[in-house]
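Please read the structure below before turning to the comments.
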Amino acid sequence: MLNSGVLVLNRSWVAVNVATARRALVLLCQGHARVVHPRNFGLYGFEEWVQFSEEQLRGTPNGHRYIHSPNLTVLLPEVILLGVFNGFIRKEVHFSRRNLFLRDGHQCQYCGKRPPRHELSIDHVIPRSRGGKDTWENLVVACQKCNVKKGDRTPEEANMRLLRNPAAPRWLPRFGMVLEREQLAGWQRFLEGPRSHQASA
Ligand SMILES: [Zn+2]
């Protein structure tokens with residue numbers, strides 16, 4: 001299984017090689033490559049990939065290709081992206097309204113609802129009137145109802161719990177949202193050329 005093929009992309013997302021899964025895992029472990037999620041194009045460093053693998057395998061271990069050893073269980077990547085990456089320095093995700101909606105999955109971070117986009121707003125966790133800044137940590141997606149209800153209060157004062165602590169995303173939403181189209185047929189999308197999946201995002 002460690003000799004199965006992994007598609008290797010260069011930094012421009014162009015397919016340049018096929019490596020063995022063994023080699024891909026070494027590159028990943030050394031911080032020379034990241035795993036590309038085949039559907040949403042999320043990028044995973046080694047530790048993130050291990051974490052992701054555990055989450056995936058906990059639910060349904062069948063149908064996944066993975067290696068298992070006493071201290072490590074990890075999915076075999078299908079596609080990796082080369083680059084000089086220091087595992088401790090992540091490329092920052094550009095702060096924008098669009099990326100904020102992507103981070104929060106178009107979901108109100110107070111009530112958990114996913115209304116149509118036009119019914120969503122952006123809420124300052126610490127209100128602007130109290131010095132709350134426009135940062136990843138202080139902005140969340142909220143439905144209009146929750147936003148109005150919270151008003152000029154902190155979540156504690158309004159007794160409204162956030163679903164999760166807002167933070168800068170760890171992934172790079174390079175091609176936008178999770179693509180809800182048919183499951184990527186292995187590497188096909190990458191072999192079609194770097195333009196095609198950008199266009200479909
Ligand atoms: Zn809400």
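Chains: A, B, ... in order of the structure tokens. Residues: from 1 per chain. Ligands: from 1, in order shown.
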Could I get the residues of chain A with an atom no further than 9 Å from an atom of ligand 1, each paired with its nearest atom pair and that distance in Å to one decimal, using only C-alpha atoms and all ligand atoms, sorted by chain and residue number, as CSV?
```
residue,atom,partner,partner_atom_place_in_ligand_line,distance
A:Gln107,CA,ligand 1,1 (Zn),8.0
A:Cys108,CA,ligand 1,1 (Zn),4.7
A:Gln109,CA,ligand 1,1 (Zn),6.7
A:Tyr110,CA,ligand 1,1 (Zn),5.1
A:Cys111,CA,ligand 1,1 (Zn),4.1
A:Gly112,CA,ligand 1,1 (Zn),6.1
A:Lys113,CA,ligand 1,1 (Zn),5.9
A:Arg114,CA,ligand 1,1 (Zn),8.2
A:Pro115,CA,ligand 1,1 (Zn),8.7
A:Leu120,CA,ligand 1,1 (Zn),8.4
A:Val141,CA,ligand 1,1 (Zn),8.7
A:Ala142,CA,ligand 1,1 (Zn),5.3
A:Cys143,CA,ligand 1,1 (Zn),4.2
A:Gln144,CA,ligand 1,1 (Zn),6.8
A:Lys145,CA,ligand 1,1 (Zn),5.8
A:Cys146,CA,ligand 1,1 (Zn),4.3
A:Asn147,CA,ligand 1,1 (Zn),7.1
```
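Proximity ranking of A:Asp104, A:Met1, A:Phe41, A:Gln30 relative to His64 in chain A places A:Met1 first, based on only C-alpha atoms.
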Worksheet entry | Length of the CA of Val35 in chain A to CA of Phe101 in chain A vector [Å] | 23.5 Å
Worksheet item: Residues at most 8 Å from range 45-51 of chain A, counting only C-alpha atoms, excluding those fewer than 5 positions away in the same chain, as a VMD selection string?
Response: chain A and resid 28 to 29 31 33 to 35 72 to 75 87
Save out the residues we just selected, C-alpha atoms, as a PDB file, in the first residue's frame.
```pdb
ATOM      1  CA  LEU A  28       4.735  15.620   4.287  1.00  0.00           C
ATOM      2  CA  CYS A  29       6.460  14.725   7.516  1.00  0.00           C
ATOM      3  CA  GLY A  31       7.311  19.812   5.846  1.00  0.00           C
ATOM      4  CA  ALA A  33       4.664  19.127   1.014  1.00  0.00           C
ATOM      5  CA  ARG A  34       1.102  19.355   2.148  1.00  0.00           C
ATOM      6  CA  VAL A  35      -1.811  17.106   1.431  1.00  0.00           C
ATOM      7  CA  LEU A  72       0.321   6.612  14.104  1.00  0.00           C
ATOM      8  CA  THR A  73      -2.737   6.069  11.978  1.00  0.00           C
ATOM      9  CA  VAL A  74      -2.826   8.142   8.859  1.00  0.00           C
ATOM     10  CA  LEU A  75      -4.778   8.191   5.621  1.00  0.00           C
ATOM     11  CA  GLY A  87       5.343  23.380   9.623  1.00  0.00           C
TER      12      GLY A  87
END
```
Worksheet, complete the sentence: Taken to one decimal, the CA of Asn17 in chain A-CA of Pro169 in chain A distance is 29.3 Å
Worksheet entry | Which of A:Glu156, A:Val36, A:Ser53, A:Arg103 sits closest to Arg65 in chain A [using only C-alpha atoms] | A:Ser53
Fill in: Exercise: Leu81 in chain A partners within 10 Å, only C-alpha atoms, chain neighbours under 2 positions left out, as a ChimeraX atom specification
/A:7-16,24,27-28,32-36,43-44,79,83-84
Practice prompt. Provide the CA of Glu78 in chain A to CA of Arg23 in chain A distance in Å, to one decimal place.
Written response: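 Result for CA of Glu78 in chain A versus CA of Arg23 in chain A: 12.2 Å, one decimal.
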